[in-house]
>>> print(open('query.cif').read())   # mmCIF, C-alpha atoms
data_input
loop_
_atom_site.group_PDB
_atom_site.id
_atom_site.type_symbol
_atom_site.label_atom_id
_atom_site.label_comp_id
_atom_site.auth_asym_id
_atom_site.auth_seq_id
_atom_site.Cartn_x
_atom_site.Cartn_y
_atom_site.Cartn_z
ATOM 1 C CA MET B 14 67.540 333.916 170.699
ATOM 2 C CA ASN B 15 64.035 333.277 172.046
ATOM 3 C CA ILE B 16 63.990 336.662 173.750
ATOM 4 C CA ILE B 17 65.287 338.318 170.591
ATOM 5 C CA GLY B 18 62.506 336.603 168.639
ATOM 6 C CA LEU B 19 59.916 337.852 171.100
ATOM 7 C CA VAL B 20 61.238 341.420 171.003
ATOM 8 C CA PHE B 21 61.457 341.519 167.211
ATOM 9 C CA GLY B 22 57.966 340.047 166.930
ATOM 10 C CA ALA B 23 56.698 342.716 169.295
ATOM 11 C CA MET B 24 58.372 345.538 167.375
ATOM 12 C CA PHE B 25 57.062 344.136 164.085
ATOM 13 C CA GLY B 26 53.509 343.737 165.429
ATOM 14 C CA PHE B 27 53.727 347.222 166.945
ATOM 15 C CA VAL B 28 54.567 348.880 163.632
ATOM 16 C CA LEU B 29 51.920 346.861 161.758
ATOM 17 C CA ALA B 30 49.201 347.891 164.205
ATOM 18 C CA ALA B 31 50.425 351.504 164.387
ATOM 19 C CA GLY B 32 50.140 351.606 160.584
ATOM 20 C CA ARG B 33 46.687 349.975 160.731
ATOM 21 C CA LEU B 34 47.875 347.234 158.386
ATOM 22 C CA HIS B 35 45.649 344.919 160.431
ATOM 23 C CA ASP B 36 42.637 346.890 159.207
ATOM 24 C CA TYR B 37 40.615 345.478 156.299
ATOM 25 C CA ASP B 38 40.014 349.005 155.003
ATOM 26 C CA THR B 39 43.721 349.864 154.843
ATOM 27 C CA ILE B 40 44.465 346.751 152.789
ATOM 28 C CA HIS B 41 41.452 347.099 150.521
ATOM 29 C CA ALA B 42 41.861 350.821 149.905
ATOM 30 C CA THR B 43 45.288 349.996 148.488
ATOM 31 C CA LEU B 44 44.162 346.901 146.581
ATOM 32 C CA ARG B 45 41.357 348.975 145.042
ATOM 33 C CA LEU B 46 44.137 351.352 143.951
ATOM 34 C CA GLU B 47 42.432 354.169 145.847
ATOM 35 C CA SER B 48 45.254 354.589 148.325
ATOM 36 C CA PHE B 49 49.016 354.388 148.076
ATOM 37 C CA TYR B 50 49.495 353.389 151.714
ATOM 38 C CA VAL B 51 50.548 349.722 151.511
ATOM 39 C CA PHE B 52 52.558 350.171 148.306
ATOM 40 C CA GLY B 53 54.370 353.183 149.738
ATOM 41 C CA LEU B 54 55.054 351.432 153.019
ATOM 42 C CA MET B 55 56.425 348.264 151.432
ATOM 43 C CA GLY B 56 58.372 350.251 148.862
ATOM 44 C CA LEU B 57 60.090 352.366 151.498
ATOM 45 C CA ALA B 58 60.750 349.311 153.704
ATOM 46 C CA ILE B 59 62.502 347.664 150.766
ATOM 47 C CA GLY B 60 64.175 350.907 149.701
ATOM 48 C CA ILE B 61 65.722 351.340 153.150
ATOM 49 C CA SER B 62 66.697 347.733 153.807
ATOM 50 C CA ALA B 63 67.944 346.619 150.376
ATOM 51 C CA PRO B 64 70.942 349.003 150.140
ATOM 52 C CA LEU B 65 71.844 348.498 153.809
ATOM 53 C CA LEU B 66 71.768 344.694 153.411
ATOM 54 C CA TRP B 67 73.813 344.970 150.241
ATOM 55 C CA LEU B 68 76.418 347.028 152.080
ATOM 56 C CA LEU B 69 76.512 344.746 155.132
ATOM 57 C CA GLU B 70 76.868 341.651 152.943
ATOM 58 C CA ARG B 71 79.704 343.252 150.985
ATOM 59 C CA ARG B 72 81.494 343.978 154.248
ATOM 60 C CA GLN B 73 80.957 340.327 155.250
ATOM 61 C CA LEU B 74 79.336 341.290 158.498
ATOM 62 C CA ALA B 75 79.740 338.656 161.217
ATOM 63 C CA THR B 76 76.390 338.368 162.989
ATOM 64 C CA PRO B 77 76.431 337.327 166.662
ATOM 65 C CA TYR B 78 73.881 334.522 166.219
ATOM 66 C CA GLY B 79 73.951 333.447 162.571
ATOM 67 C CA GLY B 80 77.487 333.533 161.225
ATOM 68 C CA VAL B 81 78.569 335.731 158.328
ATOM 69 C CA LEU B 82 75.655 337.581 156.743
ATOM 70 C CA SER B 83 74.514 335.770 153.622
ATOM 71 C CA LEU B 84 71.570 336.920 151.574
ATOM 72 C CA ALA B 85 69.433 334.440 149.656
ATOM 73 C CA ARG B 86 68.863 334.880 145.940
ATOM 74 C CA SER B 87 66.986 331.841 144.664
ATOM 75 C CA LYS B 88 66.035 331.425 141.049
ATOM 76 C CA VAL B 89 62.406 331.841 140.069
ATOM 77 C CA GLU B 90 60.500 328.574 139.921
ATOM 78 C CA ARG B 91 56.926 327.834 139.013
ATOM 79 C CA HIS B 92 55.796 327.350 142.608
ATOM 80 C CA HIS B 93 56.795 330.929 143.467
ATOM 81 C CA VAL B 94 54.352 332.177 140.860
ATOM 82 C CA TYR B 95 51.331 329.973 141.413
ATOM 83 C CA GLY B 96 51.833 330.020 145.171
ATOM 84 C CA GLY B 97 51.980 333.796 144.947
ATOM 85 C CA ALA B 98 48.775 333.887 142.922
ATOM 86 C CA LEU B 99 46.941 331.789 145.536
ATOM 87 C CA PHE B 100 48.374 333.894 148.329
ATOM 88 C CA GLY B 101 47.321 337.125 146.626
ATOM 89 C CA ALA B 102 43.774 335.857 146.101
ATOM 90 C CA GLY B 103 43.490 334.841 149.756
ATOM 91 C CA TRP B 104 45.057 338.122 150.893
ATOM 92 C CA SER B 105 42.354 340.067 149.086
ATOM 93 C CA ILE B 106 39.473 337.828 150.194
ATOM 94 C CA ALA B 107 40.466 337.653 153.858
ATOM 95 C CA GLY B 108 41.684 341.277 153.803
ATOM 96 C CA THR B 109 44.653 340.495 155.990
ATOM 97 C CA CYS B 110 47.902 338.540 155.874
ATOM 98 C CA PRO B 111 49.784 336.335 158.343
ATOM 99 C CA ALA B 112 51.385 338.907 160.666
ATOM 100 C CA PRO B 113 48.616 341.551 160.533
ATOM 101 C CA ALA B 114 46.016 338.861 161.316
ATOM 102 C CA LEU B 115 47.689 338.399 164.707
ATOM 103 C CA ALA B 116 47.817 342.147 165.336
ATOM 104 C CA MET B 117 44.179 342.360 164.259
ATOM 105 C CA LEU B 118 43.116 339.793 166.847
ATOM 106 C CA ALA B 119 45.224 341.571 169.479
ATOM 107 C CA SER B 120 43.488 344.867 168.649
ATOM 108 C CA GLY B 121 40.149 343.347 169.674
ATOM 109 C CA ALA B 122 38.738 342.240 166.302
ATOM 110 C CA GLY B 123 37.267 338.804 167.019
ATOM 111 C CA TYR B 124 37.094 337.636 163.421
ATOM 112 C CA GLY B 125 40.862 337.945 163.278
ATOM 113 C CA ALA B 126 40.758 334.585 165.079
ATOM 114 C CA ILE B 127 39.011 333.020 162.072
ATOM 115 C CA ALA B 128 41.765 334.328 159.796
ATOM 116 C CA VAL B 129 44.490 333.012 162.113
ATOM 117 C CA VAL B 130 42.842 329.571 162.289
ATOM 118 C CA GLY B 131 42.443 329.500 158.498
ATOM 119 C CA LEU B 132 46.107 330.435 158.066
ATOM 120 C CA PHE B 133 47.183 327.603 160.360
ATOM 121 C CA ILE B 134 44.997 325.165 158.396
ATOM 122 C CA GLY B 135 46.283 326.285 154.991
ATOM 123 C CA LEU B 136 49.958 326.489 155.975
ATOM 124 C CA MET B 137 49.956 323.150 157.782
ATOM 125 C CA ALA B 138 47.997 321.442 155.012
ATOM 126 C CA ARG B 139 50.729 322.340 152.552
ATOM 127 C CA ASP B 140 53.404 321.468 155.072
ATOM 128 C CA GLN B 141 51.952 317.978 155.610
ATOM 129 C CA GLN B 142 51.509 317.475 151.886
ATOM 130 C CA VAL B 143 55.176 318.243 151.273
ATOM 131 C CA GLN B 144 56.382 316.185 154.227
ATOM 132 C CA ARG B 145 54.805 313.210 152.475
ATOM 133 C CA SER B 146 56.345 313.898 149.083
ATOM 134 C CA HIS B 147 59.811 315.092 150.239
ATOM 135 C CA SER B 148 60.388 316.972 147.031
ATOM 136 C CA VAL B 149 59.502 320.633 147.260
ATOM 137 C CA ILE B 150 61.467 323.451 148.868
ATOM 138 C CA LEU B 151 59.350 324.868 151.669
ATOM 139 C CA GLU B 152 61.312 327.834 152.833
ATOM 140 C CA GLY B 153 61.566 330.777 150.496
ATOM 141 C CA ASP B 154 64.165 333.480 150.757
ATOM 142 C CA GLY B 155 62.160 335.339 153.347
ATOM 143 C CA GLU B 156 61.389 332.340 155.518
ATOM 144 C CA ARG B 157 64.608 330.670 156.564
ATOM 145 C CA SER B 158 64.184 329.287 160.023
ATOM 146 C CA SER B 159 67.125 327.166 161.099
ATOM 147 C CA LEU B 160 70.108 328.495 163.021
ATOM 148 C CA PRO B 161 72.842 328.590 161.916
ATOM 149 C CA MET B 162 71.433 328.393 158.483
ATOM 150 C CA THR B 163 74.319 327.353 156.285
ATOM 151 C CA LYS B 164 72.768 324.072 155.180
ATOM 152 C CA THR B 165 69.208 325.047 154.350
ATOM 153 C CA LEU B 166 69.710 327.472 151.514
ATOM 154 C CA GLY B 167 68.725 326.460 148.042
ATOM 155 C CA ALA B 168 70.232 327.965 144.929
ATOM 156 C CA ARG B 169 72.267 331.111 145.323
ATOM 157 C CA MET I 17 45.495 356.125 175.169
ATOM 158 C CA GLY I 18 45.990 358.365 172.194
ATOM 159 C CA VAL I 19 49.773 358.501 172.598
ATOM 160 C CA LEU I 20 50.062 357.195 169.042
ATOM 161 C CA PRO I 21 48.073 358.618 166.148
ATOM 162 C CA ASP I 22 45.324 356.386 164.719
ATOM 163 C CA GLN I 23 47.611 355.585 161.821
ATOM 164 C CA LEU I 24 51.291 356.285 161.356
ATOM 165 C CA PRO I 25 52.009 357.746 157.908
ATOM 166 C CA TRP I 26 53.413 355.182 155.481
ATOM 167 C CA TRP I 27 56.624 357.160 155.165
ATOM 168 C CA ILE I 28 57.269 356.558 158.868
ATOM 169 C CA ALA I 29 55.986 352.983 159.211
ATOM 170 C CA GLY I 30 57.783 351.820 156.034
ATOM 171 C CA PRO I 31 61.307 352.890 157.071
ATOM 172 C CA LEU I 32 60.691 351.491 160.576
ATOM 173 C CA LEU I 33 59.899 348.092 159.059
ATOM 174 C CA GLY I 34 62.942 348.346 156.797
ATOM 175 C CA LEU I 35 65.204 349.058 159.783
ATOM 176 C CA LEU I 36 63.686 346.115 161.671
ATOM 177 C CA VAL I 37 64.525 343.835 158.745
ATOM 178 C CA VAL I 38 68.129 345.085 158.693
ATOM 179 C CA ALA I 39 68.443 344.809 162.488
ATOM 180 C CA LEU I 40 67.308 341.165 162.570
ATOM 181 C CA PHE I 41 69.690 340.280 159.734
ATOM 182 C CA THR I 42 72.496 342.078 161.568
ATOM 183 C CA ILE I 43 71.885 340.144 164.763
ATOM 184 C CA SER I 44 70.991 336.712 163.454
ATOM 185 C CA ASN I 45 71.337 336.546 159.658
ATOM 186 C CA GLN I 46 67.611 335.743 159.534
ATOM 187 C CA PRO I 47 64.679 337.231 157.625
ATOM 188 C CA LEU I 48 61.588 338.603 159.306
ATOM 189 C CA GLY I 49 58.980 336.329 157.685
ATOM 190 C CA ALA I 50 55.651 335.606 159.356
ATOM 191 C CA SER I 51 54.248 332.548 157.594
ATOM 192 C CA GLY I 52 57.225 330.423 158.661
ATOM 193 C CA ALA I 53 56.523 331.545 162.226
ATOM 194 C CA TYR I 54 53.079 329.896 162.069
ATOM 195 C CA ILE I 55 54.674 326.601 161.040
ATOM 196 C CA GLN I 56 57.386 326.824 163.692
ATOM 197 C CA THR I 57 54.804 327.652 166.356
ATOM 198 C CA VAL I 58 52.984 324.409 165.595
ATOM 199 C CA LYS I 59 56.262 322.468 165.524
ATOM 200 C CA THR I 60 57.418 324.019 168.790
ATOM 201 C CA ILE I 61 54.139 323.134 170.509
ATOM 202 C CA ARG I 62 54.422 319.576 169.139
ATOM 203 C CA ARG I 63 58.078 319.504 170.314
ATOM 204 C CA ASP I 64 59.263 318.343 166.904
ATOM 205 C CA THR I 65 63.001 317.727 166.760
ATOM 206 C CA ASP I 66 63.384 320.212 163.892
ATOM 207 C CA SER I 67 61.336 322.965 165.530
ATOM 208 C CA VAL I 68 62.789 326.467 165.808
ATOM 209 C CA SER I 69 61.495 327.880 169.067
ATOM 210 C CA TRP I 70 62.508 331.510 168.543
ATOM 211 C CA ARG I 71 60.029 331.689 165.639
ATOM 212 C CA ALA I 72 57.267 330.687 168.087
ATOM 213 C CA PHE I 73 58.358 333.473 170.437
ATOM 214 C CA TYR I 74 58.401 335.786 167.441
ATOM 215 C CA PHE I 75 54.804 334.706 166.660
ATOM 216 C CA VAL I 76 53.676 335.551 170.216
ATOM 217 C CA GLY I 77 55.602 338.821 170.008
ATOM 218 C CA ILE I 78 53.648 339.975 166.943
ATOM 219 C CA PHE I 79 50.424 339.497 168.892
ATOM 220 C CA LEU I 80 51.745 341.337 171.969
ATOM 221 C CA GLY I 81 53.221 344.197 169.928
ATOM 222 C CA GLY I 82 49.986 344.611 168.013
ATOM 223 C CA GLY I 83 48.091 344.810 171.282
ATOM 224 C CA LEU I 84 50.533 347.326 172.763
ATOM 225 C CA ALA I 85 50.340 349.651 169.756
ATOM 226 C CA THR I 86 46.541 349.481 169.906
ATOM 227 C CA ILE I 87 46.528 350.357 173.613
ATOM 228 C CA LEU I 88 48.871 353.314 173.011
ATOM 229 C CA GLY I 89 46.835 354.373 169.961
ATOM 230 C CA PRO I 90 43.079 354.203 169.554
ATOM 231 C CA GLY I 91 42.637 351.719 172.411
ATOM 232 C CA ILE I 92 41.439 348.108 172.295
ATOM 233 C CA GLU I 93 37.849 347.964 171.146
ATOM 234 C CA LEU I 94 36.142 344.557 171.143
ATOM 235 C CA ARG I 95 34.450 344.111 167.787
ATOM 236 C CA ARG I 96 34.125 341.607 164.994
ATOM 237 C CA GLY I 97 36.268 343.500 162.474
ATOM 238 C CA TYR I 98 35.380 343.413 158.775
ATOM 239 C CA SER I 99 32.883 346.264 159.047
ATOM 240 C CA ALA I 100 33.104 346.713 155.251
ATOM 241 C CA LEU I 101 31.652 343.233 154.705
ATOM 242 C CA HIS I 102 28.862 343.907 157.191
ATOM 243 C CA ALA I 103 28.149 347.229 155.472
ATOM 244 C CA ALA I 104 27.983 345.426 152.114
ATOM 245 C CA GLY I 105 25.080 343.425 153.502
ATOM 246 C CA TRP I 106 26.785 340.045 153.701
ATOM 247 C CA SER I 107 25.243 337.647 156.205
ATOM 248 C CA GLU I 108 27.166 336.753 159.328
ATOM 249 C CA ALA I 109 27.633 333.140 158.206
ATOM 250 C CA THR I 110 28.858 334.218 154.760
ATOM 251 C CA ILE I 111 31.413 336.574 156.266
ATOM 252 C CA MET I 112 32.791 333.912 158.600
ATOM 253 C CA ILE I 113 33.018 331.285 155.849
ATOM 254 C CA VAL I 114 34.618 333.717 153.381
ATOM 255 C CA ILE I 115 37.268 334.810 155.897
ATOM 256 C CA LEU I 116 38.037 331.189 156.775
ATOM 257 C CA LEU I 117 38.284 330.029 153.156
ATOM 258 C CA GLY I 118 40.270 333.108 152.140
ATOM 259 C CA ALA I 119 42.720 332.516 154.980
ATOM 260 C CA ILE I 120 43.103 328.825 154.100
ATOM 261 C CA VAL I 121 43.884 329.677 150.461
ATOM 262 C CA MET I 122 46.266 332.397 151.637
ATOM 263 C CA GLY I 123 48.090 330.053 154.016
ATOM 264 C CA TYR I 124 48.323 327.279 151.458
ATOM 265 C CA GLY I 125 49.575 329.672 148.797
ATOM 266 C CA ALA I 126 52.128 331.217 151.165
ATOM 267 C CA ARG I 127 53.595 327.782 151.852
ATOM 268 C CA VAL I 128 53.647 326.870 148.168
ATOM 269 C CA ALA I 129 55.393 330.139 147.328
ATOM 270 C CA GLY I 130 57.692 329.936 150.350
ATOM 271 C CA GLY I 131 56.661 333.200 151.971
ATOM 272 C CA CYS I 132 54.081 335.929 152.408
ATOM 273 C CA THR I 133 53.925 339.734 152.390
ATOM 274 C CA SER I 134 56.685 340.004 154.984
ATOM 275 C CA GLY I 135 58.856 337.044 153.916
ATOM 276 C CA HIS I 136 58.849 337.486 150.147
ATOM 277 C CA GLY I 137 57.275 340.957 149.947
ATOM 278 C CA ILE I 138 59.772 342.791 152.132
ATOM 279 C CA CYS I 139 62.640 340.532 153.297
ATOM 280 C CA GLY I 140 63.081 338.543 150.091
ATOM 281 C CA THR I 141 62.845 341.551 147.809
ATOM 282 C CA ALA I 142 65.284 343.439 150.057
ATOM 283 C CA GLN I 143 67.775 340.596 149.561
ATOM 284 C CA ARG I 144 67.322 341.124 145.808
ATOM 285 C CA SER I 145 66.002 337.567 145.412
ATOM 286 C CA PRO I 146 64.514 336.947 141.936
ATOM 287 C CA ALA I 147 62.178 334.308 143.429
ATOM 288 C CA SER I 148 60.841 336.821 145.963
ATOM 289 C CA TRP I 149 60.373 339.553 143.363
ATOM 290 C CA ALA I 150 58.438 337.088 141.183
ATOM 291 C CA ALA I 151 56.261 335.911 144.081
ATOM 292 C CA THR I 152 55.639 339.513 145.213
ATOM 293 C CA ALA I 153 54.707 340.761 141.746
ATOM 294 C CA THR I 154 52.354 337.806 141.343
ATOM 295 C CA PHE I 155 50.587 338.169 144.669
ATOM 296 C CA MET I 156 50.201 341.920 144.248
ATOM 297 C CA ALA I 157 48.677 341.475 140.793
ATOM 298 C CA ALA I 158 46.438 338.622 141.947
ATOM 299 C CA ALA I 159 45.253 340.585 144.979
ATOM 300 C CA VAL I 160 44.403 343.656 142.889
ATOM 301 C CA ALA I 161 42.565 341.468 140.340
ATOM 302 C CA VAL I 162 40.549 339.585 142.981
ATOM 303 C CA THR I 163 39.723 342.861 144.744
ATOM 304 C CA PHE I 164 38.430 344.195 141.439
ATOM 305 C CA LEU I 165 36.166 341.145 141.113
ATOM 306 C CA LEU I 166 34.967 341.505 144.724
ATOM 307 C CA THR I 167 34.102 345.182 144.308
ATOM 308 C CA SER I 168 32.455 344.558 140.940
ATOM 309 C CA PHE I 169 30.212 341.635 141.785
ATOM 310 C CA THR I 170 29.551 341.398 145.518
ATOM 311 C CA GLY I 171 28.135 344.744 146.608
ATOM 312 C CA LEU I 172 31.449 345.581 148.251
ATOM 313 C CA GLY I 173 32.027 348.245 145.602
ATOM 314 C CA ASP I 174 29.319 350.405 147.158
ATOM 315 C CA VAL I 175 31.136 350.472 150.471
ATOM 316 C CA VAL I 176 33.786 353.159 150.702
ATOM 317 C CA PRO I 177 36.789 352.066 152.772
ATOM 318 C CA ALA I 178 38.153 354.516 155.327
ATOM 319 C CA VAL I 179 40.954 355.529 153.003
ATOM 320 C CA ALA I 180 44.442 355.971 154.319
ATOM 321 C CA LYS I 181 46.384 358.725 152.657
#
>>> encode(input="query.cif", output="structure tokens")
Amino acid sequence: MNIIGLVFGAMFGFVLAAGRLHDYDTIHATLRLESFYVFGLMGLAIGISAPLLWLLERRQLATPYGGVLSLARSKVERHHVYGGALFGAGWSIAGTCPAPALAMLASGAGYGAIAVVGLFIGLMARDQQVQRSHSVILEGDGERSSLPMTKTLGAR
Amino acid sequence: MGVLPDQLPWWIAGPLLGLLVVALFTISNQPLGASGAYIQTVKTIRRDTDSVSWRAFYFVGIFLGGGLATILGPGIELRRGYSALHAAGWSEATIMIVILLGAIVMGYGARVAGGCTSGHGICGTAQRSPASWAATATFMAAAVAVTFLLTSFTGLGDVVPAVAK
């Protein structure tokens, strides 16, 4: 699975850099509503994957590494909204997000390192905070990490 | 090397990302989120018992893939990045502090929300998760609002980004 992770990371980083999503101008042109690039890209990514995932789940696809395909559909809670608001503010200010920041650094932009360090600080700060309180769900529907993952899902 | 264009059109890059999401689900029943990979990279380095090492490999992969696409495209050019902020006349120290603080807020918020642009924005929404749609709508709206404030009050509005079509 480690090799699969590496290969998928590489393909993901490749597409992000090829689309210049690691470029401050690409992000900000869209966030200024002067360009459709990021909206169009995310919309098509969702538009392609959502129906295929729906179909594969309906056919109860058995995956080689993670059991029967099961999609996550958690209910909306407050933390999704205020966490999202904080994330969006930071996304605009730093002009990059977690995966593109890595591609940005790899493309030779030195300040990408500052963004990556800041991301580590922010993510781990929240992680530590929650480890102490033991109450909040950390992994959203896009961030499951255990394998097999039958026990970690929250509400369906 | 110029094998790749400077920027793939969104109608090519978007479907490629969508197919990657489907492929990873097909192989491992796992979403393609990036913020969780940061956490798992730290845990893997610390050798925590609950660490998930493939997410650390995934993290390294994003870096390598980004480098490869750059080499095949415009080529790796050592620079600071953030030329828009330099053009807006921000001082070097201001730029570095703003990027750091912005990234900290972004990381913290991603962990509170349970995902980022890839985790909630693409993988969660593609699973038709109400939580992910709510988080995505919120971060999009917040990012557009904060960008409006930045361009209105910081001199950034006078700098024209190299607009992607």
>>> residues_around(input="query.cif", residues="Ala85 (chain I)", least_positions_apart="5", cutoff="7 Å", atoms="all atoms listed in the file", output="ChimeraX atom specification")
/B:27,30-31
>>> atom_distance(input="query.cif", atom1="CA of Trp27 (chain I)", atom2="CA of Phe25 (chain B)")
15.8 Å
>>> residues_around(input="query.cif", residues="Thr76 (chain B)", least_positions_apart="6", cutoff="10 Å", atoms="only C-alpha atoms", output="PyMOL selection string")
(chain B and resi 82-83) or (chain I and resi 40-46)
>>> atom_distance(input="query.cif", atom1="CA of Val160 (chain I)", atom2="CA of Pro113 (chain B)")
18.3 Å
>>> resolve_selection(input="query.cif", expression="the PyMOL selection byres ((chain I and resi 117) around 9)", output="mmCIF file with C-alpha atoms, keeping the file's coordinate frame")
data_model
loop_
_atom_site.group_PDB
_atom_site.id
_atom_site.type_symbol
_atom_site.label_atom_id
_atom_site.label_comp_id
_atom_site.auth_asym_id
_atom_site.auth_seq_id
_atom_site.Cartn_x
_atom_site.Cartn_y
_atom_site.Cartn_z
ATOM 1 C CA GLY B 103 43.490 334.841 149.756
ATOM 2 C CA ILE B 106 39.473 337.828 150.194
ATOM 3 C CA ALA B 107 40.466 337.653 153.858
ATOM 4 C CA ALA B 128 41.765 334.328 159.796
ATOM 5 C CA GLY B 131 42.443 329.500 158.498
ATOM 6 C CA MET I 112 32.791 333.912 158.600
ATOM 7 C CA ILE I 113 33.018 331.285 155.849
ATOM 8 C CA VAL I 114 34.618 333.717 153.381
ATOM 9 C CA ILE I 115 37.268 334.810 155.897
ATOM 10 C CA LEU I 116 38.037 331.189 156.775
ATOM 11 C CA GLY I 118 40.270 333.108 152.140
ATOM 12 C CA ALA I 119 42.720 332.516 154.980
ATOM 13 C CA ILE I 120 43.103 328.825 154.100
ATOM 14 C CA VAL I 121 43.884 329.677 150.461
ATOM 15 C CA MET I 122 46.266 332.397 151.637
#
>>> resolve_selection(input="query.cif", expression="the PyMOL selection byres ((chain B and resi 133) around 8)", output="list in words")
Val129, Val130, Gly131, Leu132, Ile134, Gly135, Leu136 and Met137 of chain B; Tyr54, Ile55, Ile120 and Gly123 of chain I
>>> resolve_selection(input="query.cif", expression="the PyMOL selection byres ((chain I and resi 100-107) around 10)", output="short mmCIF file (atom, residue, chain, number, x, y, z; two decimals) with C-alpha atoms, keeping the file's coordinate frame")
data_model
loop_
_atom_site.label_atom_id
_atom_site.label_comp_id
_atom_site.auth_asym_id
_atom_site.auth_seq_id
_atom_site.Cartn_x
_atom_site.Cartn_y
_atom_site.Cartn_z
CA TYR B 37 40.62 345.48 156.30
CA ASP B 38 40.01 349.00 155.00
CA HIS B 41 41.45 347.10 150.52
CA ARG I 96 34.12 341.61 164.99
CA GLY I 97 36.27 343.50 162.47
CA TYR I 98 35.38 343.41 158.78
CA SER I 99 32.88 346.26 159.05
CA GLU I 108 27.17 336.75 159.33
CA ALA I 109 27.63 333.14 158.21
CA THR I 110 28.86 334.22 154.76
CA ILE I 111 31.41 336.57 156.27
CA MET I 112 32.79 333.91 158.60
CA THR I 167 34.10 345.18 144.31
CA THR I 170 29.55 341.40 145.52
CA GLY I 171 28.14 344.74 146.61
CA LEU I 172 31.45 345.58 148.25
CA GLY I 173 32.03 348.24 145.60
CA ASP I 174 29.32 350.40 147.16
CA VAL I 175 31.14 350.47 150.47
CA VAL I 176 33.79 353.16 150.70
CA PRO I 177 36.79 352.07 152.77
CA ALA I 178 38.15 354.52 155.33
#
>>> closest_residue(input="query.cif", among="B:Ala119, B:Pro64, B:Phe52, B:Gln141", to="chain I", atoms="all atoms listed in the file")
B:Ala119
